[in-house]
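Coordinates as given in protein12.json (JSON, C-alpha atoms and all ligand atoms):
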```json
[["chain", "number", "residue", "atom", "x", "y", "z"],
["I", 53, "MET", "CA", 25.26, -24.97, 21.65],
["I", 54, "LYS", "CA", 24.09, -24.87, 25.27],
["I", 55, "THR", "CA", 25.87, -26.98, 27.87],
["I", 56, "PHE", "CA", 24.23, -29.63, 30.09],
["I", 57, "ILE", "CA", 24.31, -27.27, 33.03],
["I", 58, "GLU", "CA", 22.74, -24.37, 31.15],
["I", 59, "ILE", "CA", 19.89, -26.57, 29.98],
["I", 60, "ALA", "CA", 19.42, -28.08, 33.46],
["I", 61, "ALA", "CA", 19.29, -24.58, 34.99],
["I", 62, "GLU", "CA", 16.73, -23.44, 32.41],
["I", 63, "ILE", "CA", 14.53, -26.47, 33.14],
["I", 64, "ALA", "CA", 14.83, -26.05, 36.93],
["I", 65, "ARG", "CA", 13.90, -22.37, 36.66],
["I", 66, "GLU", "CA", 10.86, -23.18, 34.52],
["I", 67, "SER", "CA", 9.60, -25.87, 36.88],
["I", 68, "GLY", "CA", 10.36, -23.61, 39.87],
["I", 69, "ALA", "CA", 8.05, -20.99, 38.35],
["I", 70, "ARG", "CA", 5.36, -23.64, 37.90],
["I", 71, "ILE", "CA", 5.72, -24.68, 41.57],
["I", 72, "SER", "CA", 5.41, -21.03, 42.64],
["I", 73, "GLU", "CA", 2.08, -20.78, 40.78],
["I", 74, "PHE", "CA", 0.82, -23.79, 42.74],
["I", 75, "ALA", "CA", 2.14, -22.24, 45.97],
["I", 76, "ARG", "CA", 0.01, -19.14, 45.39],
["I", 77, "GLN", "CA", -3.07, -21.38, 45.05],
["I", 78, "ARG", "CA", -2.31, -23.26, 48.33],
["I", 79, "ILE", "CA", -3.22, -26.65, 46.82],
["I", 80, "GLY", "CA", -3.91, -29.73, 48.93],
["I", 81, "PHE", "CA", -1.90, -32.93, 49.27],
["I", 82, "GLU", "CA", -2.33, -36.69, 49.11],
["I", 83, "LEU", "CA", -0.49, -39.37, 51.05],
["I", 84, "LYS", "CA", 1.92, -41.86, 49.38],
["I", 85, "GLY", "CA", 2.58, -43.53, 52.74],
["I", 86, "ALA", "CA", 1.49, -42.90, 56.35],
["I", 87, "TYR", "CA", 3.22, -39.49, 56.53],
["I", 88, "ASP", "CA", 4.65, -39.27, 53.00],
["I", 89, "LEU", "CA", 3.02, -36.39, 51.13],
["I", 90, "VAL", "CA", 2.69, -35.76, 47.41],
["I", 91, "THR", "CA", 0.94, -32.91, 45.61],
["I", 92, "GLU", "CA", -0.19, -31.92, 42.14],
["I", 93, "ALA", "CA", 2.85, -29.64, 42.06],
["I", 94, "ASP", "CA", 5.26, -32.61, 42.43],
["I", 95, "ARG", "CA", 3.61, -34.35, 39.48],
["I", 96, "ALA", "CA", 3.32, -31.28, 37.26],
["I", 97, "SER", "CA", 6.93, -30.30, 37.92],
["I", 98, "GLU", "CA", 8.12, -33.83, 37.16],
["I", 99, "ALA", "CA", 6.10, -34.05, 33.94],
["I", 100, "LEU", "CA", 7.59, -30.77, 32.77],
["I", 101, "ILE", "CA", 11.18, -31.74, 33.62],
["I", 102, "VAL", "CA", 10.92, -35.20, 32.06],
["I", 103, "GLU", "CA", 9.41, -33.75, 28.87],
["I", 104, "ARG", "CA", 12.15, -31.12, 28.57],
["I", 105, "LEU", "CA", 14.92, -33.68, 29.21],
["I", 106, "ARG", "CA", 13.41, -35.96, 26.58],
["I", 107, "GLN", "CA", 13.35, -33.08, 24.06],
["I", 108, "HIS", "CA", 16.99, -32.15, 24.69],
["I", 109, "PHE", "CA", 18.49, -35.58, 25.41],
["I", 110, "PRO", "CA", 16.29, -38.35, 23.97],
["I", 111, "THR", "CA", 18.87, -41.09, 24.66],
["I", 112, "HIS", "CA", 19.57, -40.21, 28.32],
["I", 113, "ALA", "CA", 18.14, -42.24, 31.22],
["I", 114, "VAL", "CA", 16.04, -40.31, 33.75],
["I", 115, "LEU", "CA", 15.41, -41.48, 37.31],
["I", 116, "ALA", "CA", 12.70, -39.22, 38.73],
["I", 117, "GLU", "CA", 11.08, -39.47, 42.17],
["I", 118, "GLU", "CA", 7.44, -39.71, 41.12],
["I", 119, "GLY", "CA", 8.18, -42.47, 38.60],
["I", 120, "GLY", "CA", 7.66, -40.48, 35.39],
["I", 121, "GLY", "CA", 11.20, -40.97, 34.08],
["I", 122, "ASN", "CA", 12.76, -43.70, 32.01],
["I", 123, "ASP", "CA", 15.52, -45.33, 34.03],
["I", 124, "GLY", "CA", 16.87, -47.46, 31.15],
["I", 125, "SER", "CA", 20.50, -48.11, 30.30],
["I", 126, "SER", "CA", 22.46, -45.17, 28.98],
["I", 127, "GLU", "CA", 25.88, -43.63, 29.54],
["I", 128, "TYR", "CA", 24.05, -40.56, 30.91],
["I", 129, "ARG", "CA", 21.57, -40.63, 33.78],
["I", 130, "TRP", "CA", 19.63, -37.71, 35.24],
["I", 131, "TYR", "CA", 18.47, -37.83, 38.87],
["I", 132, "VAL", "CA", 15.41, -35.63, 39.26],
["I", 133, "ASP", "CA", 13.64, -34.45, 42.38],
["I", 134, "PRO", "CA", 10.84, -32.33, 40.92],
["I", 135, "LEU", "CA", 9.97, -30.88, 44.33],
["I", 136, "ASP", "CA", 12.31, -31.52, 47.23],
["I", 137, "GLY", "CA", 10.66, -30.44, 50.48],
["I", 138, "THR", "CA", 7.07, -31.47, 49.66],
["I", 139, "THR", "CA", 5.94, -31.46, 53.29],
["I", 140, "ASN", "CA", 7.15, -27.85, 53.62],
["I", 141, "PHE", "CA", 5.51, -26.90, 50.35],
["I", 142, "ALA", "CA", 2.17, -28.48, 51.33],
["I", 143, "HIS", "CA", 2.16, -26.51, 54.60],
["I", 144, "GLY", "CA", 3.27, -23.22, 53.05],
["I", 145, "PHE", "CA", 6.66, -23.36, 54.82],
["I", 146, "PRO", "CA", 8.94, -21.73, 52.26],
["I", 147, "VAL", "CA", 11.87, -24.16, 52.06],
["I", 148, "TYR", "CA", 11.74, -26.33, 48.94],
["I", 149, "ASN", "CA", 13.51, -26.65, 45.63],
["I", 150, "VAL", "CA", 13.86, -28.38, 42.29],
["I", 151, "THR", "CA", 17.01, -30.42, 41.76],
["I", 152, "LEU", "CA", 18.59, -32.21, 38.79],
["I", 153, "GLY", "CA", 21.88, -34.11, 38.87],
["I", 154, "LEU", "CA", 23.59, -35.69, 35.85],
["I", 155, "GLU", "CA", 25.86, -38.71, 35.91],
["I", 156, "ARG", "CA", 28.06, -39.94, 33.02],
["I", 157, "ALA", "CA", 29.32, -43.52, 33.28],
["I", 158, "GLY", "CA", 28.62, -43.51, 37.02],
["I", 159, "GLU", "CA", 30.33, -40.18, 37.75],
["I", 160, "LEU", "CA", 28.44, -37.01, 38.70],
["I", 161, "ILE", "CA", 29.24, -34.33, 36.13],
["I", 162, "ALA", "CA", 26.60, -31.61, 36.57],
["I", 163, "GLY", "CA", 23.98, -30.51, 39.06],
["I", 164, "VAL", "CA", 21.52, -27.73, 39.75],
["I", 165, "ILE", "CA", 19.39, -26.88, 42.78],
["I", 166, "TYR", "CA", 16.87, -24.09, 42.30],
["I", 167, "ASP", "CA", 15.05, -22.47, 45.21],
["I", 168, "PRO", "CA", 12.08, -20.57, 43.74],
["I", 169, "THR", "CA", 11.18, -18.94, 47.07],
["I", 170, "ARG", "CA", 14.47, -16.99, 47.12],
["I", 171, "ASP", "CA", 15.24, -17.13, 43.40],
["I", 172, "GLU", "CA", 18.53, -18.86, 44.19],
["I", 173, "MET", "CA", 20.16, -21.03, 41.53],
["I", 174, "PHE", "CA", 22.97, -23.26, 42.74],
["I", 175, "GLN", "CA", 24.97, -25.01, 40.05],
["I", 176, "ALA", "CA", 28.12, -27.05, 39.60],
["I", 177, "GLU", "CA", 29.99, -28.91, 36.92],
["I", 178, "LEU", "CA", 32.71, -31.48, 37.54],
["I", 179, "GLY", "CA", 36.01, -29.60, 37.73],
["I", 180, "GLY", "CA", 34.33, -26.24, 37.12],
["I", 181, "GLY", "CA", 33.57, -25.03, 40.66],
["I", 182, "ALA", "CA", 30.24, -24.29, 42.36],
["I", 183, "PHE", "CA", 28.11, -21.18, 41.92],
["I", 184, "LEU", "CA", 25.13, -19.38, 43.45],
["I", 185, "ASN", "CA", 23.39, -17.02, 41.02],
["I", 186, "GLY", "CA", 26.60, -16.85, 38.99],
["I", 187, "GLU", "CA", 28.95, -16.11, 41.93],
["I", 188, "ARG", "CA", 31.56, -18.66, 42.98],
["I", 189, "ILE", "CA", 30.79, -20.29, 46.35],
["I", 190, "HIS", "CA", 32.95, -22.08, 48.93],
["I", 191, "VAL", "CA", 32.46, -24.18, 52.05],
["I", 192, "THR", "CA", 33.24, -22.68, 55.48],
["I", 193, "LYS", "CA", 36.53, -22.71, 57.35],
["I", 194, "ALA", "CA", 35.09, -23.95, 60.67],
["I", 195, "ALA", "CA", 37.61, -26.39, 62.11],
["I", 196, "ARG", "CA", 35.87, -27.66, 65.27],
["I", 197, "VAL", "CA", 32.45, -29.24, 65.73],
["I", 198, "GLU", "CA", 31.92, -27.06, 68.80],
["I", 199, "ASP", "CA", 32.06, -23.99, 66.50],
["I", 200, "SER", "CA", 29.75, -25.44, 63.85],
["I", 201, "LEU", "CA", 26.19, -25.07, 62.62],
["I", 202, "SER", "CA", 24.91, -28.19, 60.88],
["I", 203, "ALA", "CA", 21.72, -29.66, 59.44],
["I", 204, "THR", "CA", 20.04, -33.02, 59.24],
["I", 205, "GLY", "CA", 16.73, -34.51, 58.16],
["I", 206, "PHE", "CA", 14.26, -37.24, 59.07],
["I", 207, "PRO", "CA", 12.67, -39.05, 56.12],
["I", 208, "SER", "CA", 8.93, -39.62, 55.96],
["I", 209, "ARG", "CA", 9.30, -43.30, 55.08],
["I", 210, "LYS", "CA", 10.11, -45.97, 57.72],
["I", 211, "ARG", "CA", 10.34, -43.31, 60.43],
["I", 212, "HIS", "CA", 10.18, -45.80, 63.29],
["I", 213, "GLN", "CA", 13.41, -47.46, 62.01],
["I", 214, "ASN", "CA", 15.35, -44.19, 61.86],
["I", 215, "ILE", "CA", 18.17, -43.93, 64.40],
["I", 216, "ASN", "CA", 18.95, -40.31, 63.64],
["I", 217, "VAL", "CA", 17.51, -38.89, 66.85],
["I", 218, "HIS", "CA", 20.63, -40.23, 68.65],
["I", 219, "PHE", "CA", 22.90, -38.34, 66.25],
["I", 220, "TYR", "CA", 20.69, -35.26, 66.37],
["I", 221, "TYR", "CA", 20.82, -35.09, 70.16],
["I", 222, "GLN", "CA", 24.61, -35.44, 70.46],
["I", 223, "LEU", "CA", 25.34, -32.91, 67.72],
["I", 224, "ALA", "CA", 22.78, -30.46, 69.07],
["I", 225, "MET", "CA", 24.45, -30.61, 72.49],
["I", 226, "LEU", "CA", 28.02, -30.40, 71.19],
["I", 227, "SER", "CA", 27.78, -27.57, 68.61],
["I", 228, "HIS", "CA", 26.11, -24.22, 67.89],
["I", 229, "GLY", "CA", 23.07, -26.12, 66.71],
["I", 230, "VAL", "CA", 21.47, -28.49, 64.22],
["I", 231, "ARG", "CA", 18.85, -27.22, 61.77],
["I", 232, "ARG", "CA", 16.11, -29.39, 60.28],
["I", 233, "ALA", "CA", 14.63, -27.29, 57.50],
["I", 234, "GLY", "CA", 13.05, -30.16, 55.54],
["I", 235, "ALA", "CA", 14.70, -30.13, 52.10],
["I", 236, "ALA", "CA", 17.86, -32.22, 51.72],
["I", 237, "ALA", "CA", 19.06, -30.57, 48.50],
["I", 238, "ILE", "CA", 18.84, -27.13, 50.14],
["I", 239, "ASP", "CA", 20.82, -28.47, 53.11],
["I", 240, "LEU", "CA", 23.55, -29.64, 50.72],
["I", 241, "ALA", "CA", 23.49, -26.36, 48.80],
["I", 242, "TYR", "CA", 23.88, -24.48, 52.09],
["I", 243, "VAL", "CA", 26.95, -26.53, 53.00],
["I", 244, "ALA", "CA", 28.39, -25.64, 49.58],
["I", 245, "CYS", "CA", 27.80, -21.91, 50.00],
["I", 246, "GLY", "CA", 28.94, -21.70, 53.63],
["I", 247, "ARG", "CA", 25.59, -21.18, 55.40],
["I", 248, "LEU", "CA", 26.10, -24.53, 57.14],
["I", 249, "ASP", "CA", 29.31, -26.36, 58.10],
["I", 250, "PHE", "CA", 27.98, -29.87, 57.53],
["I", 251, "PHE", "CA", 24.91, -31.98, 56.85],
["I", 252, "TRP", "CA", 24.05, -35.64, 57.37],
["I", 253, "GLU", "CA", 21.02, -37.83, 56.87],
["I", 254, "PHE", "CA", 19.94, -41.47, 56.80],
["I", 255, "GLY", "CA", 17.39, -42.79, 54.32],
["I", 256, "LEU", "CA", 17.87, -40.45, 51.36],
["I", 257, "ASN", "CA", 17.29, -41.28, 47.72],
["I", 258, "PRO", "CA", 19.70, -40.68, 44.82],
["I", 259, "TRP", "CA", 17.65, -37.72, 43.52],
["I", 260, "ASP", "CA", 17.95, -35.96, 46.91],
["I", 261, "MET", "CA", 21.75, -36.12, 46.87],
["I", 262, "ALA", "CA", 23.05, -36.17, 43.28],
["I", 263, "ALA", "CA", 23.28, -32.45, 42.48],
["I", 264, "GLY", "CA", 24.08, -31.43, 46.05],
["I", 265, "ALA", "CA", 26.94, -33.90, 46.41],
["I", 266, "LEU", "CA", 28.67, -32.49, 43.34],
["I", 267, "LEU", "CA", 27.99, -28.94, 44.49],
["I", 268, "VAL", "CA", 29.60, -29.54, 47.90],
["I", 269, "ARG", "CA", 32.67, -31.19, 46.36],
["I", 270, "GLU", "CA", 33.08, -28.41, 43.81],
["I", 271, "ALA", "CA", 32.86, -25.88, 46.65],
["I", 272, "GLY", "CA", 35.80, -27.56, 48.43],
["I", 273, "GLY", "CA", 33.83, -29.91, 50.66],
["I", 274, "THR", "CA", 33.87, -33.65, 51.25],
["I", 275, "VAL", "CA", 30.96, -36.03, 50.71],
["I", 276, "THR", "CA", 30.98, -39.63, 51.94],
["I", 277, "ASP", "CA", 28.68, -42.03, 53.67],
["I", 278, "MET", "CA", 28.36, -41.84, 57.47],
["I", 279, "HIS", "CA", 31.39, -44.11, 57.94],
["I", 280, "GLY", "CA", 33.69, -42.18, 55.61],
["I", 281, "ALA", "CA", 33.38, -44.55, 52.63],
["I", 282, "PRO", "CA", 32.89, -43.05, 49.15],
["I", 283, "LEU", "CA", 29.33, -41.81, 48.63],
["I", 284, "ASN", "CA", 27.06, -44.36, 47.01],
["I", 285, "LEU", "CA", 24.03, -42.51, 45.63],
["I", 286, "ARG", "CA", 21.91, -45.61, 46.23],
["I", 287, "GLY", "CA", 23.38, -46.19, 49.68],
["I", 288, "GLN", "CA", 20.86, -43.90, 51.43],
["I", 289, "HIS", "CA", 23.12, -42.11, 53.89],
["I", 290, "VAL", "CA", 25.36, -39.14, 53.50],
["I", 291, "LEU", "CA", 27.77, -36.86, 55.34],
["I", 292, "ALA", "CA", 28.66, -33.64, 53.51],
["I", 293, "ASP", "CA", 31.05, -31.25, 55.22],
["I", 294, "ASN", "CA", 33.62, -28.51, 54.75],
["I", 295, "THR", "CA", 36.49, -31.07, 54.68],
["I", 296, "LEU", "CA", 38.13, -29.53, 57.77],
["I", 297, "LEU", "CA", 35.47, -31.09, 60.02],
["I", 298, "HIS", "CA", 35.34, -34.45, 58.27],
["I", 299, "ALA", "CA", 37.59, -36.46, 60.61],
["I", 300, "GLU", "CA", 36.06, -35.06, 63.81],
["I", 301, "VAL", "CA", 32.48, -35.64, 62.67],
["I", 302, "LEU", "CA", 33.27, -39.22, 61.61],
["I", 303, "GLU", "CA", 34.87, -39.89, 64.99],
["I", 304, "LEU", "CA", 31.78, -38.63, 66.77],
["I", 305, "PHE", "CA", 29.51, -40.66, 64.49],
["I", 306, "ALA", "CA", 31.59, -43.80, 65.16],
["I", 307, "GLU", "CA", 31.07, -43.30, 68.90],
["I", 308, "ILE", "CA", 27.33, -42.87, 68.45],
["I", 309, "PHE", "CA", 27.11, -45.97, 66.22],
["I", 310, "ALA", "CA", 28.92, -47.81, 69.04],
["I", 311, "GLY", "CA", 26.24, -46.70, 71.51],
["I", 312, "LYS", "CA", 28.37, -44.14, 73.38],
["I", 313, "GLN", "CA", 26.77, -40.92, 74.50],
["I", 314, "ARG", "CA", 29.11, -38.03, 75.26],
["I", 315, "VAL", "CA", 26.08, -36.18, 76.60],
["I", 316, "PRO", "CA", 23.51, -38.51, 78.21],
["I", 317, "MET", "CA", 19.90, -37.90, 77.27],
["I", 318, "PRO", "CA", 17.95, -36.40, 80.19],
["I", 319, "GLU", "CA", 15.47, -38.58, 82.03],
["I", 320, "LEU", "CA", 11.79, -37.72, 81.72],
["I", 321, "PRO", "CA", 10.35, -36.41, 84.99],
["I", 322, "VAL", "CA", 8.41, -39.10, 86.86],
["I", 323, "ARG", "CA", 5.12, -37.74, 88.16],
["I", 401, "LIG", "C1", 12.57, -35.12, 51.57],
["I", 401, "LIG", "C2", 13.28, -33.88, 52.07],
["I", 401, "LIG", "C3", 13.56, -33.97, 53.56],
["I", 401, "LIG", "C4", 14.35, -35.21, 53.89],
["I", 401, "LIG", "C5", 13.66, -36.46, 53.37],
["I", 401, "LIG", "C6", 13.39, -36.34, 51.87],
["I", 401, "LIG", "P1", 10.88, -34.90, 49.47],
["I", 401, "LIG", "O1", 12.36, -35.05, 50.18],
["I", 401, "LIG", "O2", 14.50, -33.71, 51.38],
["I", 401, "LIG", "O3", 14.35, -32.89, 54.02],
["I", 401, "LIG", "O4", 14.48, -35.28, 55.30],
["I", 401, "LIG", "O5", 14.52, -37.54, 53.60],
["I", 401, "LIG", "O6", 12.70, -37.48, 51.43],
["I", 401, "LIG", "O7", 10.14, -36.18, 49.79],
["I", 401, "LIG", "O8", 10.25, -33.70, 50.04],
["I", 401, "LIG", "O9", 11.26, -34.79, 48.04],
["I", 402, "CA", "CA", 13.59, -35.13, 48.10],
["I", 403, "CA", "CA", 10.35, -34.85, 46.01]]
```

Serialized structure, structure tokens:
Amino acid sequence: MKTFIEIAAEIARESGARISEFARQRIGFELKGAYDLVTEADRASEALIVERLRQHFPTHAVLAEEGGGNDGSSEYRWYVDPLDGTTNFAHGFPVYNVTLGLERAGELIAGVIYDPTRDEMFQAELGGGAFLNGERIHVTKAARVEDSLSATGFPSRKRHQNINVHFYYQLAMLSHGVRRAGAAAIDLAYVACGRLDFFWEFGLNPWDMAAGALLVREAGGTVTDMHGAPLNLRGQHVLADNTLLHAEVLELFAEIFAGKQRVPMPELPVR
């Protein structure tokens, strides 16, 4: 019998192939909100994933971004982002993925993130380690923010309420750099495999974080909210790091929340 993770990986690979077909056709997009894009690929990928999950696990609950799941009560709940990085996808910027995370009785037990543009399959099971295309992966050993490369994101919804530019600026000034590639699950996967030292974001949804949070933990990292409290998948904000940097990043975040700027923002020139 196949395991949860094997089935999730099979489904993610199949929907990744479907998304790649759409990518070759350069399809258009629609708007869900002012700047919130959705495409036929998001819907087709979700329909495929939900159908496959229903075939394999008819009693499991499924919370899927485009609303096609069945988020009823069950011991098992899948969190599905059928296309994470839709804005990238719609513009032909090749950073997007399919991600499925599985929770049992409120605890994350399995997760996959599949990047069809690089054919990279990230997967993790609770207590079983994290893997990229079958090879074990680990977080980095960077021990100081000033030696780090990190990532963040800016959600499409409620942009004007997002305070992240303050965090972005400080971290960009105080480290090797901050990337904003536009797909939260890829950011988390890259922390797990050591391409990034940490990642944070405000305003995420459970399907963006579920698989990636497990992956980072299984790769030796730490995942909490932005104040260091245990991650709440419905709590919208996340800090995922290599564990060694956790205390220093939280200290910096606490300063920024308190309105302190280690590096003042430059004034605009007055003409
Ligand atoms: C978005 C991406 C982006 C992040 C947003 C997410 P979507 O997911 O992960 O990087 O900054 O917060 O909503 O809408 O493309 O699935
Ligand atoms: Ca997403
Ligand atoms: Ca999505």

Neighbour list for Asp167 (chain I) as a list in words, cut-off 9 Å, all atoms listed in the file, skip fewer than 2 positions in-chain: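 Once the adjacent positions are removed, what remains is Arg65, Gly68, Val147, Tyr148, Asn149, Val150, Thr151, Ile165, Thr169, Arg170, Asp171, Glu172, Met173, Phe174 and Ile238 of chain I.
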
To check your reading of the model: which residues sit at most 12 Å from ligand CA 403 (chain I) when counting all atoms listed in the file? Write the answer as an MDAnalysis selection string. chainID I and resid 84 88:98 116:119 131:142 148:152 207:208 234:237 256:261

Within 12 Å of (27.3, -26.0, 29.0) (coordinates as in the file), grab all the protein and nucleic acid residues, counting only C-alpha atoms, and write them out as a list in words. Met53, Lys54, Thr55, Phe56, Ile57, Glu58, Ile59, Ala60, Ala61, Glu62, Ile161, Ala162, Gly163, Gln175, Ala176, Glu177, Leu178 and Gly180 of chain I

Rounded to one decimal, what separation in Å do you get between CA of Arg232 (chain I) and CA of Gly264 (chain I)?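 Computing the Euclidean distance for CA of Arg232 (chain I) and CA of Gly264 (chain I) yields 16.4 Å.
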
Would you pick out the contacts of Met225 (chain I) at 12 Å or less, using all atoms listed in the file, so that residues sharing its chain but fewer than 3 positions from it are not included, and give the list as a PDB file with C-alpha atoms, keeping the file's coordinate frame?
```pdb
ATOM      1  CA  VAL I 197      32.450 -29.240  65.730  1.00  0.00           C
ATOM      2  CA  GLU I 198      31.920 -27.060  68.800  1.00  0.00           C
ATOM      3  CA  ASP I 199      32.060 -23.990  66.500  1.00  0.00           C
ATOM      4  CA  SER I 200      29.750 -25.440  63.850  1.00  0.00           C
ATOM      5  CA  LEU I 201      26.190 -25.070  62.620  1.00  0.00           C
ATOM      6  CA  SER I 202      24.910 -28.190  60.880  1.00  0.00           C
ATOM      7  CA  HIS I 218      20.630 -40.230  68.650  1.00  0.00           C
ATOM      8  CA  PHE I 219      22.900 -38.340  66.250  1.00  0.00           C
ATOM      9  CA  TYR I 220      20.690 -35.260  66.370  1.00  0.00           C
ATOM     10  CA  TYR I 221      20.820 -35.090  70.160  1.00  0.00           C
ATOM     11  CA  GLN I 222      24.610 -35.440  70.460  1.00  0.00           C
ATOM     12  CA  HIS I 228      26.110 -24.220  67.890  1.00  0.00           C
ATOM     13  CA  GLY I 229      23.070 -26.120  66.710  1.00  0.00           C
ATOM     14  CA  VAL I 230      21.470 -28.490  64.220  1.00  0.00           C
ATOM     15  CA  GLN I 313      26.770 -40.920  74.500  1.00  0.00           C
ATOM     16  CA  ARG I 314      29.110 -38.030  75.260  1.00  0.00           C
ATOM     17  CA  VAL I 315      26.080 -36.180  76.600  1.00  0.00           C
ATOM     18  CA  PRO I 316      23.510 -38.510  78.210  1.00  0.00           C
ATOM     19  CA  MET I 317      19.900 -37.900  77.270  1.00  0.00           C
ATOM     20  CA  PRO I 318      17.950 -36.400  80.190  1.00  0.00           C
TER      21      PRO I 318
END
```

Please determine, counting all atoms listed in the file, which residue among I:Arg104, I:Arg209, I:His190, I:His112 has the shortest atom-to-atom distance to ligand CA 402 (chain I).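 Ranking I:Arg104, I:Arg209, I:His190, I:His112 by distance to ligand CA 402 (chain I), first place goes to I:Arg209.
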
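Put simply, CA of Thr192 (chain I) is 10.1 Å away from CA of Tyr242 (chain I).
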
Would you mind listing what lies within 9 Å of Ala157 (chain I) as number ranges by chain, with only C-alpha atoms counted and same-chain residues fewer than 5 positions away left out? I: 126-129
